[in-house]
$ cat structure.tsv   # TSV, C-alpha atoms
chain	number	residue	atom	x	y	z
A	1	MET	CA	10.68	-71.65	181.58
A	2	LYS	CA	8.33	-74.59	181.48
A	3	PHE	CA	9.84	-77.94	180.61
A	4	GLN	CA	8.06	-79.57	177.71
A	5	ILE	CA	8.20	-83.35	177.31
A	6	PRO	CA	9.45	-84.16	173.79
A	7	ARG	CA	6.80	-85.63	171.51
A	8	ILE	CA	8.74	-88.87	170.99
A	9	ILE	CA	8.83	-89.53	174.73
A	10	GLU	CA	5.14	-88.68	175.02
A	11	ASN	CA	4.41	-91.32	172.40
A	12	GLU	CA	6.51	-93.83	174.31
A	13	ILE	CA	4.60	-93.01	177.50
A	14	SER	CA	1.27	-93.47	175.77
A	15	TYR	CA	2.51	-96.80	174.36
A	16	PHE	CA	3.38	-98.03	177.85
A	17	GLN	CA	0.04	-96.83	179.11
A	18	THR	CA	-1.71	-98.94	176.48
A	19	VAL	CA	0.41	-101.94	177.43
A	20	ASN	CA	-0.37	-101.20	181.07
A	21	ALA	CA	-4.09	-101.07	180.37
A	22	LYS	CA	-3.91	-104.39	178.54
A	23	LEU	CA	-2.07	-106.00	181.45
A	24	HIS	CA	-4.94	-105.06	183.74
A	25	LYS	CA	-7.68	-106.15	181.36
A	26	ASN	CA	-8.81	-108.98	183.61
A	27	ILE	CA	-9.24	-106.83	186.70
A	28	THR	CA	-12.81	-105.67	187.22
A	29	ASP	CA	-13.73	-102.03	187.79
A	30	GLN	CA	-14.64	-102.88	191.35
A	31	GLU	CA	-11.24	-104.44	192.04
A	32	LEU	CA	-9.46	-101.43	190.59
A	33	LEU	CA	-11.45	-99.14	192.88
A	34	GLU	CA	-10.68	-101.32	195.88
A	35	ARG	CA	-6.98	-101.20	195.05
A	36	PHE	CA	-7.19	-97.42	194.84
A	37	TYR	CA	-8.99	-97.16	198.19
A	38	ALA	CA	-6.38	-99.46	199.73
A	39	ASP	CA	-3.20	-97.68	198.66
A	40	ARG	CA	-4.47	-94.37	197.22
A	41	ASP	CA	-2.28	-94.81	194.18
A	42	ASN	CA	-3.67	-92.76	191.30
A	43	GLN	CA	-2.39	-95.34	188.86
A	44	TRP	CA	-5.54	-97.43	189.49
A	45	LEU	CA	-7.83	-94.50	188.76
A	46	GLY	CA	-5.97	-93.91	185.51
A	47	ILE	CA	-6.51	-97.49	184.36
A	48	LEU	CA	-10.15	-97.39	185.40
A	49	LEU	CA	-11.08	-94.06	183.80
A	50	GLU	CA	-9.22	-94.91	180.61
A	51	ARG	CA	-11.65	-97.76	180.04
A	52	TYR	CA	-14.44	-95.26	179.64
A	53	THR	CA	-12.81	-92.54	177.53
A	54	LEU	CA	-14.53	-93.57	174.31
A	55	LEU	CA	-17.94	-94.15	175.89
A	56	LEU	CA	-17.77	-90.81	177.70
A	57	LEU	CA	-16.80	-89.08	174.48
A	58	GLY	CA	-19.86	-90.65	172.87
A	59	VAL	CA	-22.22	-89.58	175.63
A	60	CYS	CA	-20.87	-86.01	175.50
A	61	MET	CA	-21.23	-85.98	171.72
A	62	LYS	CA	-24.82	-87.16	171.95
A	63	TYR	CA	-25.85	-84.35	174.25
A	64	LEU	CA	-23.52	-81.50	173.32
A	65	LYS	CA	-23.38	-82.20	169.56
A	66	ASN	CA	-20.01	-80.51	169.20
A	67	GLU	CA	-16.64	-82.26	169.06
A	68	GLU	CA	-14.69	-79.49	170.80
A	69	GLN	CA	-17.21	-79.27	173.64
A	70	ALA	CA	-17.37	-83.05	173.91
A	71	ARG	CA	-13.59	-83.21	174.35
A	72	ASP	CA	-13.67	-80.55	177.05
A	73	GLY	CA	-16.58	-82.44	178.60
A	74	VAL	CA	-14.61	-85.67	178.93
A	75	GLN	CA	-11.76	-83.76	180.61
A	76	GLN	CA	-14.16	-82.13	183.06
A	77	ILE	CA	-15.84	-85.46	183.83
A	78	PHE	CA	-12.42	-87.03	184.50
A	79	LEU	CA	-11.53	-84.17	186.87
A	80	LYS	CA	-14.84	-84.46	188.67
A	81	ALA	CA	-14.44	-88.24	188.97
A	82	ILE	CA	-10.91	-87.95	190.38
A	83	THR	CA	-12.02	-85.46	193.07
A	84	GLU	CA	-15.21	-87.28	193.98
A	85	LEU	CA	-13.62	-90.73	194.12
A	86	GLN	CA	-11.09	-89.42	196.60
A	87	LYS	CA	-13.90	-88.15	198.81
A	88	TYR	CA	-16.22	-91.13	199.01
A	89	LYS	CA	-16.61	-94.77	198.04
A	90	VAL	CA	-18.48	-95.62	194.88
A	91	GLU	CA	-20.26	-98.98	194.61
A	92	TYR	CA	-21.22	-99.34	190.96
A	93	PHE	CA	-18.63	-97.44	189.00
A	94	LYS	CA	-20.17	-97.81	185.55
A	95	SER	CA	-23.59	-96.42	186.44
A	96	TRP	CA	-21.96	-93.78	188.61
A	97	ILE	CA	-19.65	-92.42	185.89
A	98	TYR	CA	-22.58	-92.44	183.44
A	99	MET	CA	-24.61	-90.35	185.88
A	100	VAL	CA	-21.69	-87.92	186.33
A	101	ALA	CA	-21.38	-87.59	182.55
A	102	LYS	CA	-25.07	-87.07	181.95
A	103	ASN	CA	-25.37	-84.52	184.74
A	104	TYR	CA	-22.40	-82.61	183.35
A	105	CYS	CA	-23.95	-82.50	179.86
A	106	LEU	CA	-27.36	-81.48	181.15
A	107	MET	CA	-25.79	-78.67	183.20
A	108	GLN	CA	-23.99	-77.44	180.09
A	109	LEU	CA	-27.23	-77.43	178.12
A	110	ARG	CA	-29.10	-75.70	180.93
A	111	ASP	CA	-26.53	-72.90	180.90
A	112	LYS	CA	-27.24	-72.29	177.25
A	113	PRO	CA	-30.62	-70.63	176.71
A	114	GLY	CA	-32.74	-72.03	173.91
A	115	LYS	CA	-30.97	-75.35	173.91
A	116	ASN	CA	-32.57	-76.86	176.98
A	117	THR	CA	-35.20	-78.91	175.25
A	118	ILE	CA	-33.38	-82.08	176.15
A	119	GLU	CA	-35.31	-84.82	177.81
A	120	VAL	CA	-34.25	-85.34	181.43
A	121	ARG	CA	-34.55	-88.96	182.27
A	122	GLU	CA	-34.13	-90.25	185.77
A	123	SER	CA	-31.06	-92.48	185.73
A	124	LEU	CA	-31.68	-95.69	187.55
A	125	PRO	CA	-28.67	-97.75	188.50
A	126	ALA	CA	-28.10	-100.19	185.63
A	127	GLU	CA	-27.82	-103.08	188.09
A	128	ALA	CA	-31.46	-102.80	189.14
A	129	THR	CA	-32.76	-103.04	185.59
A	130	GLU	CA	-30.39	-105.91	184.87
A	131	ALA	CA	-31.78	-107.78	187.86
A	132	ASP	CA	-35.27	-107.11	186.50
A	133	LYS	CA	-34.35	-108.62	183.18
A	134	GLU	CA	-32.78	-111.61	184.88
A	135	SER	CA	-36.00	-112.45	186.70
A	136	LEU	CA	-37.92	-112.06	183.46
A	137	LEU	CA	-35.56	-114.48	181.75
A	138	LEU	CA	-35.85	-117.03	184.52
A	139	ASN	CA	-39.57	-117.22	184.07
A	140	GLU	CA	-40.24	-120.12	181.67
A	141	LYS	CA	-43.47	-118.66	180.40
A	142	THR	CA	-41.49	-115.74	179.02
A	143	TYR	CA	-40.38	-117.85	176.04
A	144	GLU	CA	-43.91	-118.91	175.22
A	145	TYR	CA	-45.02	-115.33	175.15
A	146	MET	CA	-42.05	-114.02	173.21
A	147	ASP	CA	-43.18	-115.45	169.91
A	148	GLU	CA	-46.64	-113.96	170.41
A	149	ALA	CA	-45.25	-110.61	171.48
A	150	LEU	CA	-42.99	-110.46	168.42
A	151	LYS	CA	-46.01	-110.98	166.16
A	152	GLU	CA	-47.92	-108.22	167.92
A	153	LEU	CA	-45.31	-105.56	167.13
A	154	ASN	CA	-45.99	-103.17	164.29
A	155	ALA	CA	-44.63	-104.19	160.90
A	156	ASP	CA	-41.52	-101.97	160.97
A	157	GLN	CA	-40.47	-103.05	164.43
A	158	GLN	CA	-41.21	-106.70	163.75
A	159	LEU	CA	-39.13	-106.66	160.59
A	160	CYS	CA	-36.14	-104.90	162.15
A	161	VAL	CA	-36.16	-106.99	165.35
A	162	THR	CA	-36.38	-110.22	163.32
A	163	LEU	CA	-33.58	-109.23	160.95
A	164	PHE	CA	-31.37	-108.08	163.82
A	165	TYR	CA	-31.87	-110.76	166.47
A	166	MET	CA	-32.90	-113.79	164.41
A	167	GLU	CA	-30.90	-113.28	161.24
A	168	LYS	CA	-28.04	-111.52	163.01
A	169	LYS	CA	-27.76	-108.77	160.43
A	170	SER	CA	-25.94	-105.49	161.06
A	171	TYR	CA	-27.70	-102.10	161.01
A	172	GLN	CA	-26.15	-101.39	157.62
A	173	GLN	CA	-27.43	-104.64	156.11
A	174	ILE	CA	-30.92	-104.04	157.49
A	175	ALA	CA	-30.88	-100.47	156.20
A	176	ASP	CA	-29.83	-101.69	152.73
A	177	GLN	CA	-32.52	-104.33	152.71
A	178	THR	CA	-35.41	-102.24	154.02
A	179	GLY	CA	-34.58	-98.79	152.74
A	180	TYR	CA	-34.69	-97.23	156.21
A	181	SER	CA	-31.82	-95.09	157.44
A	182	MET	CA	-29.41	-96.57	160.02
A	183	MET	CA	-30.95	-94.36	162.71
A	184	GLN	CA	-34.46	-95.54	161.84
A	185	VAL	CA	-33.34	-99.16	161.96
A	186	LYS	CA	-31.83	-98.62	165.38
A	187	SER	CA	-34.89	-96.91	166.75
A	188	HIS	CA	-37.23	-99.62	165.37
A	189	ILE	CA	-35.11	-102.26	167.09
A	190	GLN	CA	-35.02	-100.32	170.33
A	191	ASN	CA	-38.72	-99.57	170.40
A	192	GLY	CA	-39.56	-103.11	169.32
A	193	LYS	CA	-37.44	-104.49	172.13
A	194	ARG	CA	-39.07	-102.21	174.67
A	195	ASN	CA	-42.59	-102.97	173.45
A	196	MET	CA	-41.92	-106.70	173.55
A	197	LYS	CA	-40.82	-106.42	177.14
A	198	ILE	CA	-43.98	-104.52	178.05
A	199	LEU	CA	-46.18	-107.02	176.19
A	200	ILE	CA	-44.53	-109.99	177.90
A	201	GLU	CA	-44.82	-108.42	181.33
A	202	LYS	CA	-48.50	-107.74	180.68
A	203	LYS	CA	-49.06	-111.35	179.60
A	204	LEU	CA	-47.19	-112.69	182.62
A	205	SER	CA	-49.24	-110.65	185.05
A	206	GLN	CA	-52.54	-111.81	183.54
B	1	MET	CA	-34.70	-120.29	167.95
B	2	PRO	CA	-35.43	-119.86	171.70
B	3	ASP	CA	-31.79	-118.88	172.20
B	4	LYS	CA	-32.04	-116.13	169.65
B	5	LEU	CA	-35.32	-114.95	171.16
B	6	LYS	CA	-33.61	-114.82	174.53
B	7	ASP	CA	-31.10	-112.31	173.15
B	8	ILE	CA	-33.85	-109.72	172.82
B	9	LEU	CA	-34.29	-109.52	176.57
B	10	ALA	CA	-30.87	-110.60	177.77
B	11	ASN	CA	-27.89	-108.49	178.58
B	12	LEU	CA	-25.24	-110.86	177.40
B	13	SER	CA	-21.76	-109.63	178.00
B	14	THR	CA	-22.31	-105.91	177.92
B	15	GLU	CA	-18.67	-105.06	177.45
B	16	VAL	CA	-17.31	-104.10	174.08
B	17	ASP	CA	-13.66	-103.21	174.41
B	18	GLN	CA	-12.60	-99.82	173.09
B	19	GLU	CA	-10.39	-101.29	170.42
B	20	THR	CA	-13.27	-103.25	168.88
B	21	LEU	CA	-15.57	-100.27	169.13
B	22	LEU	CA	-12.99	-98.10	167.36
B	23	LYS	CA	-12.68	-100.68	164.61
B	24	TYR	CA	-16.47	-100.70	164.30
B	25	LEU	CA	-16.61	-96.92	163.97
B	26	GLU	CA	-13.85	-96.92	161.39
B	27	GLY	CA	-15.76	-99.58	159.42
B	28	ARG	CA	-13.04	-102.19	159.82
B	29	LEU	CA	-15.29	-105.08	160.96
B	30	SER	CA	-17.17	-107.76	159.06
B	31	GLU	CA	-20.99	-107.57	158.98
B	32	GLU	CA	-21.17	-110.38	161.51
B	33	GLN	CA	-18.80	-108.63	163.91
B	34	LYS	CA	-20.71	-105.37	163.39
B	35	HIS	CA	-23.90	-107.10	164.46
B	36	GLU	CA	-22.24	-108.39	167.64
B	37	VAL	CA	-21.00	-104.90	168.57
B	38	GLU	CA	-24.42	-103.37	167.84
B	39	LYS	CA	-26.18	-106.00	169.93
B	40	LYS	CA	-23.90	-105.48	172.92
B	41	MET	CA	-24.06	-101.69	172.67
B	42	LEU	CA	-27.87	-101.79	172.75
B	43	ALA	CA	-27.79	-103.53	176.13
B	44	THR	CA	-27.36	-100.54	178.44
B	45	GLU	CA	-28.47	-96.93	178.26
B	46	PHE	CA	-24.87	-95.81	178.77
B	47	SER	CA	-23.44	-97.70	175.80
B	48	ASP	CA	-26.48	-96.88	173.69
B	49	ASP	CA	-26.09	-93.14	174.31
B	50	ALA	CA	-22.38	-93.43	173.57
B	51	MET	CA	-23.01	-95.26	170.30
B	52	GLU	CA	-25.44	-92.60	169.16
B	53	GLY	CA	-22.98	-89.82	169.99
B	54	LEU	CA	-19.98	-91.51	168.41
B	55	GLN	CA	-21.87	-92.02	165.19
B	56	GLY	CA	-22.39	-88.27	165.10
B	57	ILE	CA	-18.65	-87.61	164.83
B	58	LYS	CA	-17.97	-86.72	161.21
B	59	ASN	CA	-14.38	-87.76	160.85
B	60	LYS	CA	-14.31	-91.26	162.31
B	61	SER	CA	-10.58	-91.66	161.72
B	62	ASP	CA	-9.91	-88.81	164.19
B	63	ILE	CA	-11.57	-90.62	167.09
B	64	SER	CA	-8.65	-92.84	168.01
B	65	SER	CA	-6.17	-89.94	168.21
B	66	LEU	CA	-8.71	-87.94	170.19
B	67	VAL	CA	-9.04	-90.79	172.70
B	68	GLU	CA	-5.26	-91.10	172.91
B	69	GLN	CA	-4.92	-87.37	173.60
B	70	LEU	CA	-7.60	-87.51	176.31
B	71	ASN	CA	-5.89	-90.47	177.98
B	72	ARG	CA	-2.54	-88.66	177.90
B	73	ASP	CA	-4.11	-85.61	179.55
B	74	LEU	CA	-5.72	-87.83	182.16
B	75	HIS	CA	-2.39	-89.37	183.12
B	76	LYS	CA	-0.72	-85.97	183.26
B	77	LYS	CA	-3.45	-84.76	185.60
B	78	LEU	CA	-3.07	-87.79	187.85
B	79	GLU	CA	0.71	-87.43	187.86
B	80	LYS	CA	0.43	-83.79	188.96
B	81	LYS	CA	-1.96	-84.67	191.78
B	82	LYS	CA	0.44	-87.33	192.98
B	83	GLN	CA	3.40	-84.93	193.02
B	84	LYS	CA	1.38	-82.34	194.92
B	85	ARG	CA	0.40	-84.88	197.52
B	86	GLU	CA	3.97	-86.07	197.98
B	87	LYS	CA	5.26	-82.51	198.36
B	88	PHE	CA	2.59	-81.84	200.96
B	89	ARG	CA	3.63	-84.90	202.88
B	90	ILE	CA	7.32	-83.93	203.08
B	91	LYS	CA	6.46	-80.32	203.91
B	92	ASP	CA	4.05	-81.05	206.69
B	93	GLN	CA	6.22	-83.59	208.48
B	94	PRO	CA	8.93	-81.28	209.95
B	95	TRP	CA	6.20	-79.23	211.67
B	96	LEU	CA	4.91	-82.33	213.30
B	97	TYR	CA	8.34	-83.12	214.72
B	98	ILE	CA	8.93	-79.51	215.82
B	99	ALA	CA	5.57	-79.45	217.59
B	100	ILE	CA	6.31	-82.71	219.44
B	101	VAL	CA	9.73	-81.42	220.56
B	102	ILE	CA	8.22	-78.10	221.76
B	103	ILE	CA	5.49	-79.87	223.75
B	104	LEU	CA	8.00	-82.21	225.35
B	105	LEU	CA	10.27	-79.27	226.25
B	106	LEU	CA	7.32	-77.38	227.79
B	107	ILE	CA	6.46	-80.39	229.93
B	108	VAL	CA	10.05	-80.74	231.16
B	109	ILE	CA	10.36	-76.98	231.87
B	110	SER	CA	7.04	-76.81	233.75
B	111	TYR	CA	8.03	-79.90	235.73
B	112	VAL	CA	11.30	-78.24	236.76
B	113	VAL	CA	9.54	-74.92	237.58
B	114	VAL	CA	6.87	-76.64	239.72
B	115	LEU	CA	9.55	-78.66	241.49
B	116	ARG	CA	11.55	-75.49	242.31
B	117	MET	CA	8.44	-73.67	243.54
B	118	LEU	CA	7.57	-76.54	245.87
B	119	GLN	CA	11.02	-76.53	247.42
B	120	PRO	CA	11.20	-74.52	250.61
$ encode --input "structure.tsv" --output "structure tokens"
Amino acid sequence: MKFQIPRIIENEISYFQTVNAKLHKNITDQELLERFYADRDNQWLGILLERYTLLLLGVCMKYLKNEEQARDGVQQIFLKAITELQKYKVEYFKSWIYMVAKNYCLMQLRDKPGKNTIEVRESLPAEATEADKESLLLNEKTYEYMDEALKELNADQQLCVTLFYMEKKSYQQIADQTGYSMMQVKSHIQNGKRNMKILIEKKLSQ
Amino acid sequence: MPDKLKDILANLSTEVDQETLLKYLEGRLSEEQKHEVEKKMLATEFSDDAMEGLQGIKNKSDISSLVEQLNRDLHKKLEKKKQKREKFRIKDQPWLYIAIVIILLLIVISYVVVLRMLQP
């Protein structure tokens, strides 16, 4: 007969796990990994992976579009991460776990015929693009060109970017004000942001 | 103004803790706080994908219990792995000792045999 942990004790355990996670809030992902590589105590992996449960659930939901499958997905990604992390050292945990998650989802979609229309984007390590942005921000001319670039965006993008970044409004407020849906607002902001970056880079290289 | 412009290209602090994100999803934040979460979540492809997926979950109030359940499963899995490893360690140690003893015995016996054979 299998021993089942009573529900009340399970709740207590989960409470202590939350407290535990909070205690380690100030430790970076990298430090947690180093601690794990030093003493091979799974406790560190638990704290580390727990930080990403919600984000991983979101990524799985985006690609798989089914709550049940997304939940299974997160479990599979955890399993994969635990095995892989024991085998080799990972440098940038956040971009690594994102890549694991995306690959898992894409594999799932590939296995299902008729559903493989998903766009496969090459995942660059986030650090590289962040460094790119840093150098862009350090360039003083960037600011001069930003105003111009903002004015060159199409009307929708210009409006949403201005309301979001300048007036610090939430998606909901912008949607109420403009009549767009929340998803449209988000995509206008995203595309506007991307176009501005392209415009500024073009101006800087001239 | 320049500071606000800078936000468009900057990745400020990209971290939104799970508790805040849950509150956002459950609609328990002020408009100002919502804006902060949205701005931070736009910063990386990872968080942006996650945000899009999480907004697709119909019953937002279920998310926190779902996360709790997933975390509980994760810890159970890790606990099991740990037990397995410990068992393996205890099991494989006696063999090591037995092997050492056998090798030592063989050396002693062969030494004695060679010594006897050399004696006239």
$ atom_distance --input "structure.tsv" --atom1 "atom CA of B:Thr20" --atom2 "atom CA of A:Phe78"
22.5 Å
$ residues_around --input "structure.tsv" --residues "stretch 48-57 of chain B" --least-positions-apart "3" --cutoff "6 Å" --atoms "all atoms listed in the file" --output "mmCIF file with C-alpha atoms, keeping the file's coordinate frame"
data_model
loop_
_atom_site.group_PDB
_atom_site.id
_atom_site.type_symbol
_atom_site.label_atom_id
_atom_site.label_comp_id
_atom_site.auth_asym_id
_atom_site.auth_seq_id
_atom_site.Cartn_x
_atom_site.Cartn_y
_atom_site.Cartn_z
ATOM 1 C CA LEU A 55 -17.940 -94.150 175.890
ATOM 2 C CA GLY A 58 -19.860 -90.650 172.870
ATOM 3 C CA VAL A 59 -22.220 -89.580 175.630
ATOM 4 C CA MET A 61 -21.230 -85.980 171.720
ATOM 5 C CA LYS A 62 -24.820 -87.160 171.950
ATOM 6 C CA MET B 41 -24.060 -101.690 172.670
ATOM 7 C CA LEU B 42 -27.870 -101.790 172.750
ATOM 8 C CA GLU B 45 -28.470 -96.930 178.260
#
$ residues_around --input "structure.tsv" --residues "A:Ile198" --least-positions-apart "6" --cutoff "10 Å" --atoms "only C-alpha atoms" --output "JSON, numbers by chain"
{"A": [149, 192, 204]}
$ atom_distance --input "structure.tsv" --atom1 "atom CA of A:Glu50" --atom2 "atom CA of A:Trp96"
15.1 Å
$ closest_atom_pairs --input "structure.tsv" --of "chain A" --to "chain B" --cutoff "7 Å" --atoms "all atoms listed in the file" --output "tab-separated table"
residue	atom	partner	partner_atom	distance
A:Ser14	CA	B:Arg72	CA	6.5
A:Asn42	CA	B:Leu78	CA	6.1
A:Gly46	CA	B:His75	CA	6.3
A:Glu50	CA	B:Asn71	CA	6.1
A:Thr53	CA	B:Val67	CA	6.4
A:Leu54	CA	B:Val67	CA	6.4
A:Leu55	CA	B:Ala50	CA	5.1
A:Leu56	CA	B:Ala50	CA	6.7
A:Gly58	CA	B:Ala50	CA	3.8
A:Val59	CA	B:Ala50	CA	4.4
A:Met61	CA	B:Gly53	CA	4.6
A:Lys62	CA	B:Gly53	CA	3.8
A:Tyr98	CA	B:Phe46	CA	6.2
A:Lys133	CA	B:Leu9	CA	6.7
A:Tyr143	CA	B:Pro2	CA	6.9
A:Tyr165	CA	B:Lys4	CA	6.2
A:Met166	CA	B:Lys4	CA	5.8
A:Lys168	CA	B:His35	CA	6.2
A:Lys169	CA	B:His35	CA	5.8
A:Ser170	CA	B:His35	CA	4.3
A:Lys193	CA	B:Ile8	CA	6.4
$ write_last_selection --input "structure.tsv" --atoms "C-alpha atoms" --output "mmCIF file, keeping the file's coordinate frame"
data_model
loop_
_atom_site.group_PDB
_atom_site.id
_atom_site.type_symbol
_atom_site.label_atom_id
_atom_site.label_comp_id
_atom_site.auth_asym_id
_atom_site.auth_seq_id
_atom_site.Cartn_x
_atom_site.Cartn_y
_atom_site.Cartn_z
ATOM 1 C CA SER A 14 1.270 -93.470 175.770
ATOM 2 C CA ASN A 42 -3.670 -92.760 191.300
ATOM 3 C CA GLY A 46 -5.970 -93.910 185.510
ATOM 4 C CA GLU A 50 -9.220 -94.910 180.610
ATOM 5 C CA THR A 53 -12.810 -92.540 177.530
ATOM 6 C CA LEU A 54 -14.530 -93.570 174.310
ATOM 7 C CA LEU A 55 -17.940 -94.150 175.890
ATOM 8 C CA LEU A 56 -17.770 -90.810 177.700
ATOM 9 C CA GLY A 58 -19.860 -90.650 172.870
ATOM 10 C CA VAL A 59 -22.220 -89.580 175.630
ATOM 11 C CA MET A 61 -21.230 -85.980 171.720
ATOM 12 C CA LYS A 62 -24.820 -87.160 171.950
ATOM 13 C CA TYR A 98 -22.580 -92.440 183.440
ATOM 14 C CA LYS A 133 -34.350 -108.620 183.180
ATOM 15 C CA TYR A 143 -40.380 -117.850 176.040
ATOM 16 C CA TYR A 165 -31.870 -110.760 166.470
ATOM 17 C CA MET A 166 -32.900 -113.790 164.410
ATOM 18 C CA LYS A 168 -28.040 -111.520 163.010
ATOM 19 C CA LYS A 169 -27.760 -108.770 160.430
ATOM 20 C CA SER A 170 -25.940 -105.490 161.060
ATOM 21 C CA LYS A 193 -37.440 -104.490 172.130
#
$ residues_near_point --input "structure.tsv" --point "(-4.8, -89.4, 196.7)" --cutoff "10 Å" --atoms "only C-alpha atoms" --output "list in words"
Phe36, Tyr37, Asp39, Arg40, Asp41, Asn42, Leu45, Ile82, Thr83, Leu85, Gln86 and Lys87 of chain A; Leu78, Lys81, Lys82, Lys84, Arg85 and Glu86 of chain B
$ residues_around --input "structure.tsv" --residues "A:Leu33" --least-positions-apart "2" --cutoff "9 Å" --atoms "all atoms listed in the file" --output "list in words"
Thr28, Asp29, Gln30, Glu31, Arg35, Phe36, Tyr37, Ala38, Trp44, Leu45, Leu48, Leu85, Lys89, Val90, Glu91 and Phe93 of chain A
$ atom_distance --input "structure.tsv" --atom1 "atom CA of B:Arg28" --atom2 "atom CA of A:Ala175"
18.3 Å
$ closest_residue --input "structure.tsv" --among "A:Cys160, A:Tyr52, A:Gln206, A:Ala70" --to "A:Ser95" --atoms "all atoms listed in the file"
A:Tyr52
$ residues_around --input "structure.tsv" --residues "A:Asp156" --least-positions-apart "4" --cutoff "12 Å" --atoms "only C-alpha atoms" --output "number ranges by chain"
A: 150-152, 160-163, 174-175, 178-180, 184-192
$ closest_residue --input "structure.tsv" --among "A:Ile200, A:Met183, A:Leu32, A:Ile47" --to "A:Glu144" --atoms "all atoms listed in the file"
A:Ile200
$ decode --input "structure.tsv" --residues "stretch 39-96 of chain B" --atoms "C-alpha atoms" --output "mmCIF file, in the first residue's frame"
data_model
loop_
_atom_site.group_PDB
_atom_site.id
_atom_site.type_symbol
_atom_site.label_atom_id
_atom_site.label_comp_id
_atom_site.auth_asym_id
_atom_site.auth_seq_id
_atom_site.Cartn_x
_atom_site.Cartn_y
_atom_site.Cartn_z
ATOM 1 C CA LYS B 39 6.416 47.621 -19.107
ATOM 2 C CA LYS B 40 8.709 45.126 -17.403
ATOM 3 C CA MET B 41 7.059 42.134 -19.067
ATOM 4 C CA LEU B 42 7.586 43.683 -22.507
ATOM 5 C CA ALA B 43 11.348 43.772 -21.934
ATOM 6 C CA THR B 44 12.280 40.211 -22.883
ATOM 7 C CA GLU B 45 10.868 37.716 -25.341
ATOM 8 C CA PHE B 46 10.518 35.169 -22.536
ATOM 9 C CA SER B 47 8.345 37.341 -20.297
ATOM 10 C CA ASP B 48 6.431 38.680 -23.283
ATOM 11 C CA ASP B 49 5.542 35.172 -24.465
ATOM 12 C CA ALA B 50 4.559 34.242 -20.921
ATOM 13 C CA MET B 51 2.324 37.297 -20.570
ATOM 14 C CA GLU B 52 0.528 36.488 -23.796
ATOM 15 C CA GLY B 53 -0.032 32.876 -22.724
ATOM 16 C CA LEU B 54 -1.173 33.726 -19.212
ATOM 17 C CA GLN B 55 -3.727 36.153 -20.538
ATOM 18 C CA GLY B 56 -5.182 33.280 -22.526
ATOM 19 C CA ILE B 57 -6.094 31.361 -19.357
ATOM 20 C CA LYS B 58 -9.829 31.772 -18.892
ATOM 21 C CA ASN B 59 -10.153 31.364 -15.173
ATOM 22 C CA LYS B 60 -7.491 33.681 -13.781
ATOM 23 C CA SER B 61 -8.291 32.774 -10.181
ATOM 24 C CA ASP B 62 -7.180 29.176 -10.853
ATOM 25 C CA ILE B 63 -3.649 30.196 -11.808
ATOM 26 C CA SER B 64 -2.278 30.533 -8.299
ATOM 27 C CA SER B 65 -3.476 27.069 -7.220
ATOM 28 C CA LEU B 66 -2.129 25.630 -10.465
ATOM 29 C CA VAL B 67 1.293 27.144 -9.762
ATOM 30 C CA GLU B 68 1.183 25.840 -6.192
ATOM 31 C CA GLN B 69 0.362 22.335 -7.432
ATOM 32 C CA LEU B 70 3.204 22.444 -9.980
ATOM 33 C CA ASN B 71 5.668 23.572 -7.318
ATOM 34 C CA ARG B 72 4.539 20.790 -4.989
ATOM 35 C CA ASP B 73 5.069 18.218 -7.752
ATOM 36 C CA LEU B 74 8.488 19.677 -8.468
ATOM 37 C CA HIS B 75 9.585 19.274 -4.863
ATOM 38 C CA LYS B 76 8.238 15.728 -4.720
ATOM 39 C CA LYS B 77 10.227 14.880 -7.841
ATOM 40 C CA LEU B 78 13.408 16.371 -6.406
ATOM 41 C CA GLU B 79 12.868 14.582 -3.092
ATOM 42 C CA LYS B 80 12.515 11.233 -4.882
ATOM 43 C CA LYS B 81 15.702 11.801 -6.871
ATOM 44 C CA LYS B 82 17.556 12.603 -3.680
ATOM 45 C CA GLN B 83 16.358 9.428 -1.948
ATOM 46 C CA LYS B 84 17.334 7.325 -4.949
ATOM 47 C CA ARG B 85 20.804 8.802 -4.967
ATOM 48 C CA GLU B 86 21.286 8.208 -1.250
ATOM 49 C CA LYS B 87 20.133 4.593 -1.540
ATOM 50 C CA PHE B 88 22.558 4.061 -4.395
ATOM 51 C CA ARG B 89 25.377 5.449 -2.322
ATOM 52 C CA ILE B 90 24.779 3.112 0.642
ATOM 53 C CA LYS B 91 24.267 0.121 -1.646
ATOM 54 C CA ASP B 92 27.361 0.587 -3.712
ATOM 55 C CA GLN B 93 29.736 1.152 -0.810
ATOM 56 C CA PRO B 94 29.901 -2.416 0.644
ATOM 57 C CA TRP B 95 31.009 -3.720 -2.778
ATOM 58 C CA LEU B 96 33.828 -1.271 -2.798
#
